[in-house]
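Source file: start_4.csv; contents: CSV, C-alpha atoms.
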chain,number,residue,atom,x,y,z
A,239,MET,CA,0.0,-15.2,-16.9
A,240,ARG,CA,-3.5,-15.1,-15.5
A,241,ILE,CA,-3.5,-12.1,-13.2
A,242,LEU,CA,-6.2,-11.3,-10.6
A,243,VAL,CA,-6.2,-7.8,-9.2
A,244,VAL,CA,-8.1,-7.6,-5.9
A,245,GLY,CA,-9.6,-4.2,-5.7
A,246,ALA,CA,-10.0,-1.3,-8.2
A,247,GLY,CA,-9.3,1.6,-6.0
A,248,ALA,CA,-6.6,4.2,-6.9
A,249,THR,CA,-3.7,1.7,-6.6
A,250,GLY,CA,-5.2,-1.5,-7.9
A,251,GLY,CA,-7.3,0.2,-10.5
A,252,TYR,CA,-4.3,2.1,-11.8
A,253,PHE,CA,-1.7,-0.7,-12.0
A,254,GLY,CA,-4.3,-3.2,-13.1
A,255,ALA,CA,-5.4,-0.9,-15.8
A,256,ARG,CA,-1.9,-0.4,-17.1
A,257,LEU,CA,-1.4,-4.2,-17.2
A,258,ALA,CA,-4.6,-4.7,-19.1
A,259,GLN,CA,-3.8,-1.8,-21.4
A,260,ALA,CA,-0.5,-3.6,-22.3
A,261,GLY,CA,-2.5,-6.7,-23.2
A,262,GLN,CA,-1.9,-8.8,-20.1
A,263,ASP,CA,-4.7,-11.3,-19.0
A,264,VAL,CA,-6.1,-9.2,-16.1
A,265,THR,CA,-9.3,-9.8,-14.1
A,266,PHE,CA,-10.5,-7.5,-11.3
A,267,LEU,CA,-12.1,-9.0,-8.2
A,268,LEU,CA,-14.5,-6.4,-6.9
A,269,ARG,CA,-17.3,-6.1,-4.3
A,270,GLU,CA,-20.8,-6.0,-5.6
A,271,LYS,CA,-21.3,-2.2,-5.7
A,272,ARG,CA,-18.0,-1.4,-7.3
A,273,ALA,CA,-18.3,-4.4,-9.7
A,274,LEU,CA,-21.7,-3.2,-11.0
A,275,ALA,CA,-20.4,0.3,-11.4
A,276,VAL,CA,-17.3,-0.8,-13.3
A,277,GLU,CA,-19.3,-3.3,-15.5
A,278,GLN,CA,-21.7,-0.5,-16.4
A,279,ASN,CA,-19.2,2.4,-16.8
A,280,GLY,CA,-15.8,0.8,-17.4
A,281,LEU,CA,-12.6,2.2,-15.8
A,282,THR,CA,-11.4,5.6,-16.6
A,283,VAL,CA,-7.8,6.7,-15.7
A,284,HIS,CA,-6.8,10.4,-15.8
A,285,SER,CA,-3.0,10.6,-15.9
A,286,PRO,CA,-0.1,12.9,-16.8
A,287,HIS,CA,1.0,10.0,-19.0
A,288,GLY,CA,-2.3,10.1,-21.0
A,289,ASP,CA,-6.0,9.5,-20.1
A,290,PHE,CA,-7.7,6.3,-21.2
A,291,HIS,CA,-10.9,4.4,-20.7
A,292,PHE,CA,-11.5,0.7,-21.1
A,293,GLN,CA,-13.9,-2.1,-20.2
A,294,PRO,CA,-12.1,-4.5,-17.8
A,295,ASN,CA,-12.9,-8.1,-17.0
A,296,VAL,CA,-14.7,-8.0,-13.7
A,297,LEU,CA,-15.8,-10.8,-11.3
A,298,GLN,CA,-17.2,-11.1,-7.8
A,299,ALA,CA,-15.9,-13.7,-5.4
A,300,SER,CA,-18.6,-16.2,-6.1
A,301,GLN,CA,-17.7,-16.2,-9.8
A,302,LEU,CA,-14.0,-16.9,-9.5
A,303,THR,CA,-12.5,-20.0,-11.1
A,304,GLY,CA,-8.8,-20.7,-10.8
A,305,PRO,CA,-6.1,-21.0,-10.2
A,306,TYR,CA,-4.4,-17.7,-11.1
A,307,ASP,CA,-0.7,-17.3,-11.7
A,308,LEU,CA,-0.5,-13.9,-9.9
A,309,ILE,CA,-2.8,-12.3,-7.4
A,310,LEU,CA,-2.2,-8.6,-6.9
A,311,LEU,CA,-3.7,-7.7,-3.5
A,312,THR,CA,-4.5,-3.9,-3.4
A,313,VAL,CA,-7.1,-3.7,-0.7
A,314,LYS,CA,-6.8,-1.5,2.5
A,315,SER,CA,-5.2,-3.4,5.3
A,316,PHE,CA,-8.5,-3.6,7.2
A,317,GLY,CA,-10.0,-5.5,4.3
A,318,LEU,CA,-7.3,-8.2,4.2
A,319,GLU,CA,-9.2,-10.9,6.1
A,320,ALA,CA,-12.2,-10.7,3.7
A,321,ALA,CA,-9.9,-10.6,0.7
A,322,MET,CA,-8.0,-13.7,1.9
A,323,LYS,CA,-11.3,-15.6,2.2
A,324,ASP,CA,-12.3,-14.5,-1.3
A,325,ILE,CA,-9.1,-15.6,-3.0
A,326,ALA,CA,-8.5,-18.8,-1.1
A,327,PRO,CA,-10.3,-21.0,-3.7
A,328,VAL,CA,-8.2,-19.7,-6.6
A,329,VAL,CA,-4.7,-19.9,-4.9
A,330,GLY,CA,-3.1,-22.9,-6.5
A,331,GLU,CA,0.1,-24.7,-5.9
A,332,TYR,CA,2.0,-22.3,-8.1
A,333,THR,CA,0.0,-19.1,-7.5
A,334,MET,CA,2.0,-16.0,-6.5
A,335,VAL,CA,0.3,-13.7,-4.0
A,336,MET,CA,1.8,-10.1,-4.2
A,337,PRO,CA,0.3,-7.8,-1.6
A,338,VAL,CA,0.7,-4.0,-2.1
A,339,LEU,CA,-0.4,-3.0,1.4
A,340,ASN,CA,0.9,-0.7,4.1
A,341,GLY,CA,3.0,-1.8,7.0
A,342,MET,CA,4.5,-5.3,7.6
A,343,LYS,CA,1.9,-7.2,9.6
A,344,HIS,CA,0.1,-8.4,6.4
A,345,MET,CA,3.2,-10.4,5.4
A,346,GLU,CA,2.9,-12.6,8.5
A,347,THR,CA,-0.9,-12.9,8.1
A,348,LEU,CA,-0.6,-14.0,4.4
A,349,SER,CA,2.2,-16.3,5.1
A,350,LEU,CA,0.3,-18.1,7.8
A,351,ARG,CA,-2.8,-18.4,5.5
A,352,PHE,CA,-1.1,-19.4,2.2
A,353,GLY,CA,2.4,-20.4,3.1
A,354,GLU,CA,5.6,-18.3,2.7
A,355,HIS,CA,6.3,-20.0,-0.7
A,356,ALA,CA,3.2,-18.3,-2.2
A,357,LEU,CA,4.3,-14.8,-1.2
A,358,ILE,CA,6.3,-12.3,-3.2
A,359,GLY,CA,7.0,-8.8,-1.8
A,360,GLY,CA,5.5,-5.7,-3.4
A,361,LEU,CA,5.1,-2.0,-2.8
A,362,CYS,CA,4.2,0.9,-5.0
A,363,LYS,CA,4.7,4.7,-5.0
A,364,ILE,CA,1.9,6.6,-6.6
A,365,ASN,CA,-0.1,9.7,-5.8
A,366,ALA,CA,-3.6,8.8,-7.0
A,367,THR,CA,-7.2,9.0,-5.8
A,368,LEU,CA,-10.7,8.1,-6.8
A,369,ASP,CA,-13.3,10.8,-7.5
A,370,ALA,CA,-17.0,10.6,-6.8
A,371,ASP,CA,-17.6,8.9,-10.2
A,372,GLY,CA,-15.0,6.2,-9.5
A,373,HIS,CA,-12.5,7.6,-12.0
A,374,ILE,CA,-8.8,7.2,-11.1
A,375,HIS,CA,-6.8,10.4,-11.0
A,376,GLN,CA,-3.0,10.1,-11.0
A,377,MET,CA,-2.0,13.4,-9.6
A,378,THR,CA,1.8,13.3,-10.3
A,379,PRO,CA,3.9,11.5,-12.9
A,380,LEU,CA,5.3,9.0,-10.3
A,381,HIS,CA,4.0,5.5,-10.9
A,382,GLN,CA,6.5,3.1,-9.5
A,383,ILE,CA,6.0,-0.5,-8.5
A,384,ILE,CA,8.6,-2.6,-6.8
A,385,TYR,CA,8.5,-6.4,-6.3
A,386,GLY,CA,10.8,-9.3,-5.6
A,387,GLU,CA,11.2,-12.7,-4.0
A,388,LEU,CA,11.5,-12.6,-0.2
A,389,SER,CA,14.8,-14.4,-0.6
A,390,GLY,CA,16.1,-11.9,-3.1
A,391,GLU,CA,16.6,-14.5,-5.7
A,392,LYS,CA,15.9,-13.9,-9.4
A,393,THR,CA,13.7,-17.0,-9.9
A,394,GLU,CA,11.9,-18.0,-13.1
A,395,ARG,CA,8.6,-17.0,-11.7
A,396,ILE,CA,9.6,-13.5,-10.5
A,397,LEU,CA,11.2,-12.9,-13.9
A,398,LYS,CA,7.7,-13.6,-15.4
A,399,VAL,CA,6.2,-11.0,-13.1
A,400,ASP,CA,8.9,-8.6,-14.1
A,401,GLN,CA,8.2,-9.1,-17.7
A,402,ALA,CA,4.5,-8.4,-17.2
A,403,PHE,CA,5.1,-5.1,-15.3
A,404,GLN,CA,7.9,-4.0,-17.7
A,405,SER,CA,5.3,-4.2,-20.5
A,406,ALA,CA,2.8,-2.0,-18.6
A,407,GLY,CA,4.4,1.5,-19.2
A,408,VAL,CA,5.1,2.1,-15.5
A,409,GLU,CA,8.4,2.4,-13.6
A,410,ALA,CA,8.8,-1.3,-12.7
A,411,ILE,CA,11.6,-2.4,-10.5
A,412,LEU,CA,12.7,-6.0,-9.7
A,413,SER,CA,14.3,-5.8,-6.3
A,414,GLU,CA,16.8,-8.1,-4.6
A,415,THR,CA,16.2,-6.4,-1.3
A,416,ILE,CA,12.4,-6.3,-1.1
A,417,ILE,CA,12.1,-6.9,2.7
A,418,THR,CA,14.4,-3.9,3.3
A,419,ASP,CA,12.4,-1.9,0.8
A,420,LEU,CA,9.2,-2.8,2.7
A,421,TRP,CA,10.6,-1.7,6.0
A,422,GLU,CA,11.7,1.7,4.5
A,423,LYS,CA,8.3,2.2,2.9
A,424,TRP,CA,6.7,1.7,6.3
A,425,LEU,CA,9.2,4.1,7.9
A,426,LEU,CA,8.2,6.8,5.5
A,427,LEU,CA,4.5,6.1,5.7
A,428,SER,CA,4.3,5.8,9.5
A,429,SER,CA,6.3,9.0,9.9
A,430,LEU,CA,4.2,10.9,7.3
A,431,GLY,CA,1.0,9.6,8.8
A,432,ALA,CA,1.9,10.3,12.4
A,433,ILE,CA,3.1,13.8,11.7
A,434,THR,CA,0.4,15.1,9.4
A,435,CYS,CA,-2.6,13.4,11.2
A,436,THR,CA,-1.5,14.4,14.7
A,437,MET,CA,-0.7,18.0,13.7
A,438,ARG,CA,-3.5,18.3,11.1
A,439,GLY,CA,-1.3,19.9,8.4
A,440,ASN,CA,1.1,19.2,5.6
A,441,ILE,CA,4.8,18.6,6.1
A,442,GLY,CA,5.8,22.1,5.3
A,443,GLN,CA,3.2,23.6,7.8
A,444,VAL,CA,4.3,21.3,10.6
A,445,ALA,CA,8.1,21.9,9.9
A,446,SER,CA,7.5,25.6,9.9
A,447,ALA,CA,5.6,25.6,13.3
A,448,GLN,CA,7.3,26.0,16.7
A,449,GLY,CA,8.6,22.5,17.6
A,450,GLY,CA,7.5,20.9,14.4
A,451,THR,CA,10.8,19.8,13.1
A,452,GLU,CA,11.7,18.3,16.5
A,453,PHE,CA,8.4,16.5,16.6
A,454,ALA,CA,9.0,15.0,13.1
A,455,GLN,CA,12.5,13.9,14.0
A,456,ALA,CA,11.3,12.2,17.2
A,457,ILE,CA,8.7,10.3,15.2
A,458,VAL,CA,11.3,9.0,12.8
A,459,THR,CA,13.7,8.1,15.5
A,460,GLU,CA,11.0,6.1,17.5
A,461,ALA,CA,9.8,4.3,14.3
A,462,LEU,CA,13.4,3.5,13.2
A,463,THR,CA,14.4,2.2,16.7
A,464,THR,CA,11.4,-0.1,16.7
A,465,MET,CA,12.0,-1.4,13.2
A,466,LYS,CA,15.6,-2.1,13.9
A,467,ALA,CA,14.6,-4.2,16.9
A,468,PHE,CA,12.5,-6.4,14.6
A,469,GLY,CA,15.0,-7.0,11.8
A,470,TYR,CA,15.4,-3.8,9.7
A,471,ALA,CA,19.0,-3.5,8.6
A,472,GLU,CA,19.3,0.3,8.4
A,473,ARG,CA,20.5,1.8,5.2
A,474,ALA,CA,21.7,5.3,6.2
A,475,ALA,CA,21.0,7.0,2.9
A,476,ALA,CA,17.4,5.8,2.9
A,477,VAL,CA,16.8,7.0,6.5
A,478,ALA,CA,18.4,10.3,5.7
A,479,LYS,CA,16.0,10.7,2.8
A,480,VAL,CA,13.0,10.1,5.1
A,481,ARG,CA,14.3,12.6,7.7
A,482,GLU,CA,14.8,15.2,4.9
A,483,ALA,CA,11.3,14.5,3.5
A,484,VAL,CA,9.4,15.0,6.8
A,485,THR,CA,11.2,18.2,7.8
A,486,ASP,CA,11.1,20.1,4.5
A,487,LYS,CA,9.5,23.5,5.3
A,488,ASN,CA,8.5,24.0,1.6
A,489,SER,CA,6.8,20.6,1.2
A,490,PRO,CA,3.1,20.3,0.5
A,491,GLN,CA,3.2,16.6,1.2
A,492,THR,CA,0.6,14.9,3.3
A,493,SER,CA,-0.2,11.2,3.7
A,494,SER,CA,-3.0,9.1,2.3
A,495,MET,CA,-4.1,8.5,5.9
A,496,TYR,CA,-4.3,12.2,6.5
A,497,ARG,CA,-6.4,12.7,3.3
A,498,ASP,CA,-8.7,9.9,4.3
A,499,MET,CA,-9.1,11.4,7.8
A,500,MET,CA,-9.9,14.8,6.3
A,501,GLN,CA,-12.8,13.2,4.4
A,502,GLY,CA,-14.1,11.2,7.3
A,503,TYR,CA,-13.1,7.8,5.9
A,504,PRO,CA,-11.8,4.8,7.8
A,505,ILE,CA,-8.0,4.8,8.2
A,506,GLU,CA,-5.2,2.2,8.6
A,507,ALA,CA,-4.4,3.4,12.1
A,508,ASP,CA,-3.7,-0.1,13.5
A,509,GLN,CA,-1.6,-1.3,10.6
A,510,ILE,CA,0.5,1.8,10.0
A,511,ILE,CA,0.9,3.2,13.6
A,512,GLY,CA,-0.6,0.8,16.0
A,513,ASP,CA,1.5,-2.1,15.0
A,514,LEU,CA,4.7,-0.1,15.6
A,515,VAL,CA,3.4,0.9,19.1
A,516,GLU,CA,2.5,-2.7,19.9
A,517,ARG,CA,6.0,-4.0,18.7
A,518,ALA,CA,7.8,-1.3,20.7
A,519,THR,CA,5.8,-2.1,23.9
A,520,ARG,CA,6.5,-5.8,23.4
A,521,VAL,CA,10.3,-5.2,23.6
A,522,GLY,CA,10.3,-2.3,26.0
A,523,ILE,CA,11.1,0.6,23.7
A,524,SER,CA,9.6,3.9,24.7
A,525,VAL,CA,7.7,5.6,21.9
A,526,PRO,CA,5.7,8.5,23.5
A,527,HIS,CA,5.3,10.5,20.2
A,528,LEU,CA,4.0,7.5,18.3
A,529,GLN,CA,1.7,6.5,21.2
A,530,ALA,CA,0.2,10.0,21.2
A,531,ALA,CA,-0.3,9.8,17.5
A,532,TYR,CA,-2.0,6.4,17.8
A,533,THR,CA,-4.3,7.5,20.6
A,534,HIS,CA,-5.3,10.5,18.5
A,535,LEU,CA,-6.1,8.2,15.5
A,536,CYS,CA,-8.1,5.8,17.8
A,537,VAL,CA,-10.2,8.7,19.0
A,538,TYR,CA,-10.9,9.6,15.3
A,539,GLN,CA,-11.7,6.0,14.4
A,540,LYS,CA,-14.2,5.6,17.2
A,541,ASN,CA,-16.0,9.0,17.0
A,542,TYR,CA,-15.6,10.6,13.6
A,543,VAL,CA,-15.6,8.1,10.9
A,544,LYS,CA,-18.5,8.4,8.5
A,545,GLN,CA,-21.0,5.5,8.8
Could you rewrite the structure in this file as structure tokens?
Amino acid sequence: MRILVVGAGATGGYFGARLAQAGQDVTFLLREKRALAVEQNGLTVHSPHGDFHFQPNVLQASQLTGPYDLILLTVKSFGLEAAMKDIAPVVGEYTMVMPVLNGMKHMETLSLRFGEHALIGGLCKINATLDADGHIHQMTPLHQIIYGELSGEKTERILKVDQAFQSAGVEAILSETIITDLWEKWLLLSSLGAITCTMRGNIGQVASAQGGTEFAQAIVTEALTTMKAFGYAERAAAVAKVREAVTDKNSPQTSSMYRDMMQGYPIEADQIIGDLVERATRVGISVPHLQAAYTHLCVYQKNYVKQ
């Protein structure tokens, strides 16, 4: 398969690097500054599974020729519109577009642009970051990527995707319930983000503070109620795991949104929290804790993001 990885940040860089390391035909689509840096210095991955360095195939949008068999979208949600414009010329009749983005709104956006038939669902679980030199640091051994047809079918094309990721030395999972998996990833992310960003601390610090556990539980309940109104079929064990994770007094866990906020970076406030608030408002669900969290994030976005 010809694979195009859009972005070489912590997520795209890591999983794309693992695919390339396994001998897959991988090209990275990068913006000019990142493209020049990677062309000059290559990609370096620091990982509990072993460090490695390699020289990837890198293109900018104007250099693309297609079509590609699989396009792995790993940009931040606020970069989706630009990414869709860049990849449009190389999305062919049989191209699969696999977004690994946060929230659910991007699924509708991509479906409208390329057709639902082009989409396969995807999500990943990894704790990784970029340093000032553009090196990828995987901070824990977890490197899980989950994918599947939106219908849950095991089609010939999704089996080819599975074969590629199974070769990459990561925990690759072909899911027959990818839409439910995406809802549950959003439930965890939105809860973690709202709790840690609003309270400016990690999960353990919030849970140990007066009223912290109650606040965390209220956030999960509001997010869960909203998601169920829009089609999430609740799996009790998964929800219980989220509630446990966000109320653990010994947990050092934060969210990527919190870490971005602490560094003055742009954040996915609209996609992770704002979309939930908008959906709740649309159907008359009261979400005061999520609304407060979103307002807090909007103030940050407007006044404190580094230019």
inquiry  = Need the shell around His355 (chain A): protein/DNA/RNA residues with any atom at most 10 Å away, counting only C-alpha atoms. Skip same-chain ones fewer than 6 positions apart. Format as an MDAnalysis selection string?
reply    = chainID A and resid 331:335 349 387:388
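Excluding Glu319 (chain A) itself and any same-chain residue fewer than 4 positions from it, the protein and nucleic acid residues within 10 Å of it, counting all atoms listed in the file, are Ser315, Lys323, Asp324, His344, Thr347, Leu348 and Arg351 of chain A.
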Shell around Ser493 (chain A) at 7 Å using all atoms listed in the file, local window under 4 positions removed, as a PyMOL selection string = chain A and resi 430-431+434+497
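The space between CA of Thr464 (chain A) and CA of Lys487 (chain A) spans 26.3 Å.
As for CA of Arg395 (chain A) and CA of Gln509 (chain A), they are spaced 29.1 Å apart.
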message = Neighbouring residues of Gln376 (chain A) were defined as those with any atom within 6 Å, considering only C-alpha atoms; residues of the same chain fewer than 6 positions away were excluded. Please report them as a PyMOL selection string.
response = chain A and resi 285+365-366
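Counting only C-alpha atoms, the residue from A:Gly469, A:Pro286, A:Gly372, A:Gly341 that sits nearest to Gly360 (chain A) is A:Gly341.
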message = From the options A:Glu270, A:Ala445, A:Leu412, A:Ala471, which residue's atoms come nearest to Asn488 (chain A), counting all atoms listed in the file?
response = A:Ala445
List every residue of region 297-349 of chain A that has an atom at most 9 Å from any atom of region 250-260 of chain A, and for each one report the closest atom pair and its distance in Å to one decimal, counting all atoms listed in the file, with rows sorted by chain and then by increasing residue number, as CSV.
residue,atom,partner,partner_atom,distance
A:Leu310,CA,A:Gly250,CA,7.8
A:Leu311,CA,A:Gly250,CA,7.7
A:Thr312,CA,A:Gly250,CA,5.1
A:Val313,CA,A:Gly250,CA,7.8
A:Val338,CA,A:Gly250,CA,8.6
remark   = Of A:Asp263, A:Glu516, A:Glu506, A:Asp498, the one sitting nearest Ala402 (chain A) when using only C-alpha atoms is A:Asp263
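One finds CA of Ala475 (chain A) at 25.7 Å from CA of Pro526 (chain A).
Every protein, DNA or RNA residue with an atom at most 12 Å from Lys466 (chain A), where all atoms listed in the file count and chain neighbours fewer than 5 positions away do not, is listed here: Thr418, Trp421, Glu422, Leu425, Val458, Thr459, Glu460, Ala461, Ala471, Glu472, Arg473, Val477, Leu514, Arg517, Ala518, Val521 and Ile523 of chain A.
Candidate residues A:Tyr503, A:Ile364, A:Val525, A:Ala454 were compared for distance to Asn541 (chain A), and the nearest is A:Tyr503, using all atoms listed in the file.
The shortest atom-to-atom distance to Asn279 (chain A), with only C-alpha atoms taken into account, belongs to A:Gln293 out of A:Thr393, A:Asn340, A:Gln448, A:Gln293.
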Please return as a PDB file with C-alpha atoms, keeping the file's coordinate frame every residue within 10 Å of (-1.3, 20.9, 5.7), taking into account only C-alpha atoms and the file's own coordinates.
ATOM      1  CA  THR A 434       0.400  15.100   9.400  1.00  0.00           C
ATOM      2  CA  CYS A 435      -2.600  13.400  11.200  1.00  0.00           C
ATOM      3  CA  MET A 437      -0.700  18.000  13.700  1.00  0.00           C
ATOM      4  CA  ARG A 438      -3.500  18.300  11.100  1.00  0.00           C
ATOM      5  CA  GLY A 439      -1.300  19.900   8.400  1.00  0.00           C
ATOM      6  CA  ASN A 440       1.100  19.200   5.600  1.00  0.00           C
ATOM      7  CA  ILE A 441       4.800  18.600   6.100  1.00  0.00           C
ATOM      8  CA  GLY A 442       5.800  22.100   5.300  1.00  0.00           C
ATOM      9  CA  GLN A 443       3.200  23.600   7.800  1.00  0.00           C
ATOM     10  CA  VAL A 444       4.300  21.300  10.600  1.00  0.00           C
ATOM     11  CA  SER A 489       6.800  20.600   1.200  1.00  0.00           C
ATOM     12  CA  PRO A 490       3.100  20.300   0.500  1.00  0.00           C
ATOM     13  CA  GLN A 491       3.200  16.600   1.200  1.00  0.00           C
ATOM     14  CA  THR A 492       0.600  14.900   3.300  1.00  0.00           C
ATOM     15  CA  SER A 493      -0.200  11.200   3.700  1.00  0.00           C
ATOM     16  CA  TYR A 496      -4.300  12.200   6.500  1.00  0.00           C
ATOM     17  CA  ARG A 497      -6.400  12.700   3.300  1.00  0.00           C
TER      18      ARG A 497
END
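The closest residue to Ala406 (chain A), picked from A:Pro305, A:Gly261, A:Pro504, A:Pro379 and counting only C-alpha atoms, is A:Gly261.
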